[in-house]
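Chemist: Pasting data06.csv below, which is CSV, C-alpha atoms.
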```csv
chain,number,residue,atom,x,y,z
A,1,MET,CA,0.0,0.0,0.0
A,2,ASN,CA,2.7,2.5,1.1
A,3,GLN,CA,4.8,1.6,-1.8
A,4,ALA,CA,1.9,2.0,-4.2
A,5,VAL,CA,1.2,5.5,-2.8
A,6,GLN,CA,4.9,6.4,-3.1
A,7,GLU,CA,5.1,5.4,-6.6
A,8,TYR,CA,1.9,7.1,-7.4
A,9,SER,CA,2.7,10.5,-5.8
A,10,PRO,CA,5.9,11.0,-3.7
A,11,GLU,CA,4.9,14.7,-3.2
A,12,LEU,CA,1.6,13.7,-1.6
A,13,LEU,CA,3.2,11.2,0.7
A,14,GLY,CA,5.9,13.7,1.7
A,15,ALA,CA,3.2,16.3,2.4
A,16,LEU,CA,1.2,13.8,4.5
A,17,THR,CA,4.2,12.7,6.5
A,18,GLU,CA,4.9,16.4,7.3
A,19,ARG,CA,1.4,16.9,8.5
A,20,VAL,CA,1.4,13.8,10.6
A,21,GLU,CA,4.7,14.9,12.2
A,22,ALA,CA,3.3,18.4,12.8
A,23,LEU,CA,0.2,16.9,14.5
A,24,GLU,CA,2.3,14.6,16.6
A,25,GLU,CA,4.4,17.5,17.8
A,26,GLN,CA,1.3,19.5,18.6
A,27,ALA,CA,-0.2,16.6,20.6
A,28,ALA,CA,3.0,16.1,22.6
A,29,ALA,CA,3.2,19.9,23.4
A,30,ALA,CA,-0.5,20.2,24.4
A,31,PRO,CA,-1.0,20.3,28.1
A,32,ARG,CA,-2.8,17.3,29.5
A,33,SER,CA,-6.0,18.5,31.0
A,34,ASP,CA,-6.4,16.7,34.4
A,35,LYS,CA,-9.4,18.5,35.7
A,36,LEU,CA,-12.6,17.4,37.4
A,37,SER,CA,-15.8,19.4,37.0
A,38,MET,CA,-18.8,18.5,39.1
A,39,VAL,CA,-22.4,19.6,39.1
A,40,VAL,CA,-23.7,19.3,42.7
A,41,PHE,CA,-27.5,19.5,42.5
A,42,SER,CA,-28.6,17.6,45.6
A,43,GLY,CA,-28.6,19.1,49.1
A,44,GLU,CA,-28.8,15.8,50.9
A,45,LEU,CA,-26.1,14.7,53.3
A,46,ASP,CA,-25.3,11.4,51.6
A,47,LYS,CA,-24.9,12.9,48.2
A,48,LEU,CA,-22.9,15.8,49.5
A,49,LEU,CA,-20.6,13.4,51.3
A,50,ALA,CA,-20.1,11.5,48.0
A,51,ALA,CA,-19.4,14.7,46.1
A,52,PHE,CA,-16.8,16.0,48.6
A,53,VAL,CA,-15.1,12.6,49.0
A,54,ILE,CA,-14.6,12.5,45.2
A,55,ALA,CA,-13.6,16.2,45.1
A,56,THR,CA,-11.0,15.9,47.9
A,57,GLY,CA,-9.7,12.6,46.5
A,58,ALA,CA,-9.3,14.1,43.1
A,59,ALA,CA,-7.5,17.2,44.5
A,60,ALA,CA,-5.2,14.9,46.5
A,61,CYS,CA,-4.4,13.1,43.3
A,62,GLY,CA,-3.3,16.4,41.8
A,63,MET,CA,-6.3,17.2,39.7
A,64,LYS,CA,-7.8,20.6,39.4
A,65,VAL,CA,-11.3,20.4,40.9
A,66,SER,CA,-14.3,22.7,40.5
A,67,MET,CA,-17.7,22.1,42.0
A,68,PHE,CA,-20.7,23.9,40.5
A,69,PHE,CA,-23.5,24.1,43.1
A,70,THR,CA,-27.1,24.5,41.8
A,71,PHE,CA,-30.6,24.2,43.0
A,72,TRP,CA,-31.0,22.3,46.3
A,73,ALA,CA,-27.3,22.0,46.8
A,74,THR,CA,-26.9,25.8,47.2
A,75,ALA,CA,-28.7,25.7,50.5
A,76,ALA,CA,-26.0,23.4,51.8
A,77,LEU,CA,-23.5,26.2,51.4
A,78,LYS,CA,-25.3,28.5,53.8
A,79,LYS,CA,-24.0,29.1,57.3
A,80,GLU,CA,-26.2,28.2,60.2
A,81,GLY,CA,-28.0,31.1,61.9
A,82,PRO,CA,-30.6,33.8,61.1
A,83,GLN,CA,-31.4,34.8,57.6
A,84,ALA,CA,-30.1,38.0,56.0
A,85,LYS,CA,-32.3,41.1,56.3
A,86,GLY,CA,-34.4,42.5,53.5
A,87,LYS,CA,-35.8,39.3,52.1
A,88,SER,CA,-39.3,39.0,50.5
A,89,LEU,CA,-41.8,36.7,52.2
A,90,VAL,CA,-41.2,33.9,49.6
A,91,GLU,CA,-37.4,34.2,50.0
A,92,LYS,CA,-37.8,34.0,53.8
A,93,MET,CA,-40.0,30.9,53.3
A,94,PHE,CA,-37.2,29.3,51.2
A,95,GLY,CA,-34.9,30.1,54.0
A,96,TRP,CA,-37.1,28.4,56.6
A,97,MET,CA,-37.6,25.3,54.3
A,98,LEU,CA,-34.0,25.0,53.4
A,99,PRO,CA,-32.0,25.8,56.5
A,100,GLY,CA,-28.2,26.2,56.2
A,101,GLY,CA,-25.5,24.3,58.1
A,102,PHE,CA,-24.1,20.8,57.6
A,103,GLY,CA,-26.0,19.5,60.6
A,104,LYS,CA,-29.3,20.3,59.0
A,105,ARG,CA,-28.7,18.1,55.9
A,106,LYS,CA,-31.0,15.1,55.6
A,107,LEU,CA,-30.3,11.7,54.1
A,108,SER,CA,-31.8,10.9,50.7
A,109,LYS,CA,-32.7,7.5,52.0
A,110,MET,CA,-33.4,6.0,55.5
A,111,GLU,CA,-33.8,9.5,57.0
A,112,MET,CA,-36.7,8.2,59.1
A,113,GLY,CA,-37.6,11.6,60.6
A,114,GLY,CA,-34.0,12.2,61.7
A,115,VAL,CA,-33.4,8.8,63.3
A,116,GLY,CA,-31.6,7.4,60.3
A,117,ARG,CA,-29.4,10.5,60.1
A,118,TRP,CA,-28.6,10.4,63.8
A,119,MET,CA,-27.6,6.7,63.5
A,120,MET,CA,-25.5,7.4,60.3
A,121,THR,CA,-23.6,10.3,61.9
A,122,ARG,CA,-23.0,8.4,65.1
A,123,GLU,CA,-21.7,5.4,63.1
A,124,MET,CA,-19.5,7.7,61.0
A,125,ALA,CA,-17.9,9.1,64.1
A,126,LYS,CA,-17.5,5.7,65.6
A,127,LYS,CA,-15.7,4.4,62.4
A,128,ASN,CA,-13.7,7.6,62.0
A,129,VAL,CA,-15.3,8.4,58.6
A,130,ALA,CA,-14.8,12.1,57.8
A,131,SER,CA,-17.8,14.3,58.4
A,132,LEU,CA,-19.1,16.7,55.8
A,133,ALA,CA,-17.6,19.6,57.7
A,134,GLU,CA,-14.2,17.9,57.8
A,135,LEU,CA,-14.4,17.1,54.1
A,136,VAL,CA,-15.3,20.7,53.2
A,137,GLU,CA,-12.4,21.9,55.3
A,138,ALA,CA,-10.0,19.5,53.5
A,139,ALA,CA,-11.4,20.7,50.1
A,140,ASP,CA,-10.7,24.3,51.1
A,141,GLU,CA,-7.1,23.4,52.0
A,142,LEU,CA,-6.6,21.5,48.8
A,143,GLY,CA,-7.8,24.4,46.7
A,144,VAL,CA,-11.1,23.0,45.4
A,145,ARG,CA,-13.1,25.7,43.7
A,146,ILE,CA,-16.7,26.1,44.6
A,147,SER,CA,-18.9,28.1,42.2
A,148,ILE,CA,-22.6,28.7,42.9
A,149,CYS,CA,-25.3,29.1,40.3
A,150,GLU,CA,-26.3,32.8,40.6
A,151,MET,CA,-29.8,32.0,39.3
A,152,SER,CA,-30.4,29.4,42.1
A,153,MET,CA,-29.2,31.9,44.7
A,154,SER,CA,-31.4,34.7,43.6
A,155,LEU,CA,-34.4,32.3,43.1
A,156,MET,CA,-34.1,31.0,46.6
A,157,GLY,CA,-33.1,34.4,48.0
A,158,ILE,CA,-29.7,33.3,49.3
A,159,ARG,CA,-27.4,36.2,50.0
A,160,GLN,CA,-23.6,36.2,49.6
A,161,GLU,CA,-23.2,37.0,53.3
A,162,GLU,CA,-25.1,33.8,54.2
A,163,LEU,CA,-22.5,31.6,52.6
A,164,LEU,CA,-20.0,29.6,54.6
A,165,ASP,CA,-16.4,30.7,55.1
A,166,TYR,CA,-14.4,29.2,52.2
A,167,SER,CA,-11.4,30.6,50.4
A,168,ASP,CA,-12.3,29.9,46.7
A,169,ILE,CA,-16.1,30.4,46.5
A,170,GLY,CA,-18.1,32.6,44.2
A,171,CYS,CA,-21.2,32.9,42.1
A,172,CYS,CA,-21.3,32.3,38.4
A,173,GLY,CA,-23.5,31.4,35.5
A,174,VAL,CA,-23.9,28.3,33.3
A,175,ALA,CA,-21.4,29.6,30.8
A,176,SER,CA,-18.6,29.5,33.4
A,177,PHE,CA,-19.5,26.0,34.3
A,178,LEU,CA,-19.5,24.9,30.7
A,179,ASP,CA,-16.2,26.6,30.2
A,180,ASP,CA,-14.8,24.6,33.1
A,181,ALA,CA,-16.5,21.4,32.1
A,182,SER,CA,-15.5,21.4,28.4
A,183,SER,CA,-11.8,21.7,29.4
A,184,SER,CA,-12.1,18.9,32.0
A,185,ASN,CA,-11.4,15.2,31.4
A,186,THR,CA,-13.9,14.2,34.0
A,187,THR,CA,-17.4,15.6,34.7
A,188,LEU,CA,-19.9,14.3,37.2
A,189,PHE,CA,-23.5,15.2,38.2
A,190,ILE,CA,-24.4,14.5,41.8
B,1,MET,CA,19.4,12.8,51.1
B,2,SER,CA,17.4,13.3,54.2
B,3,ALA,CA,15.9,10.3,56.0
B,4,THR,CA,12.6,8.7,55.2
B,5,GLN,CA,9.6,10.6,56.6
B,6,GLU,CA,7.0,8.5,58.4
B,7,ILE,CA,3.3,9.2,58.4
B,8,ASP,CA,0.7,7.4,60.5
B,9,LEU,CA,-2.6,7.1,58.6
B,10,THR,CA,-4.1,4.4,60.8
B,11,GLY,CA,-7.7,4.9,61.7
B,12,LEU,CA,-8.4,7.1,58.8
B,13,LYS,CA,-11.0,6.2,56.2
B,14,CYS,CA,-11.2,7.1,52.5
B,15,PRO,CA,-10.4,9.7,51.3
B,16,MET,CA,-8.4,11.0,54.3
B,17,PRO,CA,-5.3,8.8,53.9
B,18,ILE,CA,-4.5,10.2,50.4
B,19,VAL,CA,-5.6,13.7,51.5
B,20,ARG,CA,-3.0,13.6,54.3
B,21,LEU,CA,-0.4,11.9,52.1
B,22,SER,CA,-0.7,14.6,49.4
B,23,LYS,CA,-0.4,17.3,52.0
B,24,LEU,CA,2.8,15.9,53.4
B,25,MET,CA,4.2,15.1,50.0
B,26,LYS,CA,4.0,18.8,49.1
B,27,GLN,CA,6.4,19.6,51.9
B,28,LEU,CA,9.1,17.1,50.8
B,29,ASP,CA,11.9,17.6,48.3
B,30,ALA,CA,12.1,15.6,45.1
B,31,GLY,CA,13.6,12.2,45.7
B,32,GLN,CA,12.7,12.1,49.4
B,33,GLU,CA,10.8,9.1,50.7
B,34,ILE,CA,7.7,8.6,52.8
B,35,ALA,CA,6.7,5.5,54.7
B,36,ALA,CA,3.0,5.6,55.1
B,37,VAL,CA,1.3,3.3,57.6
B,38,ALA,CA,-2.5,2.7,57.2
B,39,ASN,CA,-5.2,0.2,58.1
B,40,ASP,CA,-7.9,1.3,55.7
B,41,PRO,CA,-8.5,-1.7,53.4
B,42,ALA,CA,-9.1,0.6,50.4
B,43,PHE,CA,-5.6,2.2,50.9
B,44,CYS,CA,-3.8,-0.8,49.4
B,45,LEU,CA,-5.3,-0.2,46.0
B,46,ASP,CA,-5.7,3.6,46.5
B,47,VAL,CA,-2.0,4.2,47.2
B,48,GLU,CA,-1.1,2.5,44.0
B,49,ALA,CA,-3.7,4.5,42.0
B,50,TRP,CA,-2.6,7.7,43.8
B,51,CYS,CA,1.1,7.1,42.8
B,52,ASN,CA,0.0,6.3,39.2
B,53,LYS,CA,-2.0,9.5,39.0
B,54,THR,CA,0.5,11.8,40.7
B,55,GLY,CA,3.6,10.3,39.2
B,56,HIS,CA,5.3,9.6,42.6
B,57,GLU,CA,7.1,6.3,42.7
B,58,LEU,CA,5.7,3.4,44.8
B,59,ILE,CA,8.8,1.6,46.0
B,60,GLN,CA,7.3,-1.1,48.2
B,61,ILE,CA,4.2,-2.2,49.9
B,62,ASN,CA,4.3,-4.3,53.0
B,63,GLN,CA,1.2,-5.9,54.4
B,64,THR,CA,1.3,-7.3,57.9
B,65,ASP,CA,-1.9,-8.5,59.6
B,66,GLU,CA,-4.1,-5.4,59.3
B,67,ARG,CA,-1.5,-2.9,58.7
B,68,LEU,CA,0.0,-1.8,55.4
B,69,THR,CA,3.2,0.2,54.9
B,70,ALA,CA,3.8,1.9,51.6
B,71,VAL,CA,7.1,3.5,50.8
B,72,ILE,CA,6.8,6.3,48.2
B,73,ARG,CA,9.5,8.4,46.6
B,74,LYS,CA,8.6,11.9,45.5
B,75,LYS,CA,9.0,12.6,41.8
B,76,HIS,CA,11.2,15.2,40.3
B,77,GLU,CA,9.3,18.2,39.0
B,78,GLY,CA,8.4,18.2,35.3
B,79,LYS,CA,8.4,14.4,35.1
```
Step by step, read the file and then write its structure as structure tokens.
Modeler:
Amino acid sequence: MNQAVQEYSPELLGALTERVEALEEQAAAAPRSDKLSMVVFSGELDKLLAAFVIATGAAACGMKVSMFFTFWATAALKKEGPQAKGKSLVEKMFGWMLPGGFGKRKLSKMEMGGVGRWMMTREMAKKNVASLAELVEAADELGVRISICEMSMSLMGIRQEELLDYSDIGCCGVASFLDDASSSNTTLFI
Amino acid sequence: MSATQEIDLTGLKCPMPIVRLSKLMKQLDAGQEIAAVANDPAFCLDVEAWCNKTGHELIQINQTDERLTAVIRKKHEGK
């Protein structure tokens, strides 16, 4: 086959070889994207635990990690305590229905009116499994980026000052997430 | 070269052993070694995967009863 092509058109083969070599050089020079982008949609304890275990694990493996919080997960990023002033009635209701603080997160299964959650957290402490608060702290130390869907925040009336203390946290829109996600080699929805 | 650093990861559950390991690794110089002791059953596979992902060299794994010791050498930058 090669010989046939060479006989037919040595110029073409030469040109193709040059192009292949140029592409190989490009591929070798291109930085390997080792990035994890996550959509965190759920505000439940078990799903948040999974999200932060994966995020901290990936960061510990040297990956660049960014978590995009939207809908029910945004409430999980609120501090415990009274709501910010100047909210509308509906926004206040959102605040009452979706309280902040890691201790207020329910389980997606076996919650059993709080009994399941109590048993789970007790068992986690007994078996030395990292709590959500510990995982978030580790994520912060490892430089995991948390971006929050601005639309969800304004929809649920969550104010900037209600967010937990975290170094790399900020609001953004869907384009920012897509920009992150399209340059990542791993994307997850939790 | 300075002596092998030791890190006790016993009692920790996934993902904390590799989180701690990566923190300590950042403080070391290239070529320096860590001996990590853990008893999380997942750590045996995880330390291998972690080295594979980060590029640090897994020199040896020793399993005794319920404890596992992994010796890891820090990679040289740019490798």
Chemist: Compile the residues of chain B that lie within 6 Å of chain A, evaluated using only C-alpha atoms, and express the compilation as a list in words.
Modeler: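 Using only C-alpha atoms, chain B residues at most 6 Å from chain A: Lys13, Pro15, Val19, Ser22, Trp50 and Thr54 of chain B.
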Chemist: Would you list the contacts of B:Val71 as a PyMOL selection string, taking every protein, DNA or RNA residue within 6 Å and counting only C-alpha atoms, but skipping same-chain residues closer than 4 positions in sequence?
Modeler: chain B and resi 34-35+59-60
Chemist: Please dump the current selection as a PDB file, in the coordinates of the input; keep C-alpha atoms.
Modeler:
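Result file is out-v3.pdb:
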```pdb
ATOM      1  CA  ILE B  34       7.700   8.600  52.800  1.00  0.00           C
ATOM      2  CA  ALA B  35       6.700   5.500  54.700  1.00  0.00           C
ATOM      3  CA  ILE B  59       8.800   1.600  46.000  1.00  0.00           C
ATOM      4  CA  GLN B  60       7.300  -1.100  48.200  1.00  0.00           C
TER       5      GLN B  60
END
```
Chemist: Can you work out the spacing between atom CA of A:Phe189 and atom CA of A:Leu132 in Å, to one decimal?
Modeler: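 According to the coordinates, atom CA of A:Phe189 and atom CA of A:Leu132 are separated by 18.2 Å.
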Chemist: Nearest to A:Ala133: which of A:Asp179, A:Lys109, A:Gly157, A:Lys79 is it, counting only C-alpha atoms?
Modeler: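 Of the candidates, the smallest distance to A:Ala133 is held by A:Lys79.
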Chemist: Mind checking which residues fall within 8 Å of B:Leu9, counting only C-alpha atoms, ignoring those fewer than 6 positions away in the same chain, and posting them as a ChimeraX atom specification?
Modeler: /B:17,20,36-39
Chemist: Take the point (2.0, -1.3, 51.8) as written in the file and pick out every residue within 7 Å of it, counting all atoms listed in the file; give the list as JSON, numbers by chain.
Modeler: {"B": [44, 60, 61, 62, 63, 68, 69, 70]}
Chemist: Could you jot down the atom CA of A:Arg105 to atom CA of A:Gly173 separation for me, Å, one decimal place?
Modeler: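 Interatomic distance here is 24.9 Å.
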Chemist: I'd like the contact shell of stretch 115-118 of chain A - 10 Å cut-off, only C-alpha atoms, skipping same-chain residues fewer than 2 positions apart - returned as a list in words.
Modeler: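 The residues satisfying every condition are Leu45, Asp46, Gly103, Lys104, Arg105, Lys106, Leu107, Ser108, Lys109, Met110, Glu111, Met112, Gly113, Met120, Thr121, Arg122, Glu123 and Met124 of chain A.
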Chemist: Which of these, A:Ala181, A:Val90, A:Leu16, A:Ile190, has the shortest distance to A:Leu155 once you count all atoms listed in the file?
Modeler: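 Once distances to A:Leu155 are computed over all atoms listed in the file, the minimum belongs to A:Val90.
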Chemist: Given only C-alpha atoms as the basis, pick out the residue of B:Leu21, B:Met16, B:Ile7, B:Ala30 nearest to B:Glu77.
Modeler: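 Ranked by minimum distance to B:Glu77, first place goes to B:Ala30.
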Chemist: Calculate how many Å separate atom CA of A:Gly95 from atom CA of A:Met119, rounding to one decimal.
Modeler: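 Going from atom CA of A:Gly95 over to atom CA of A:Met119, I get 26.3 Å.
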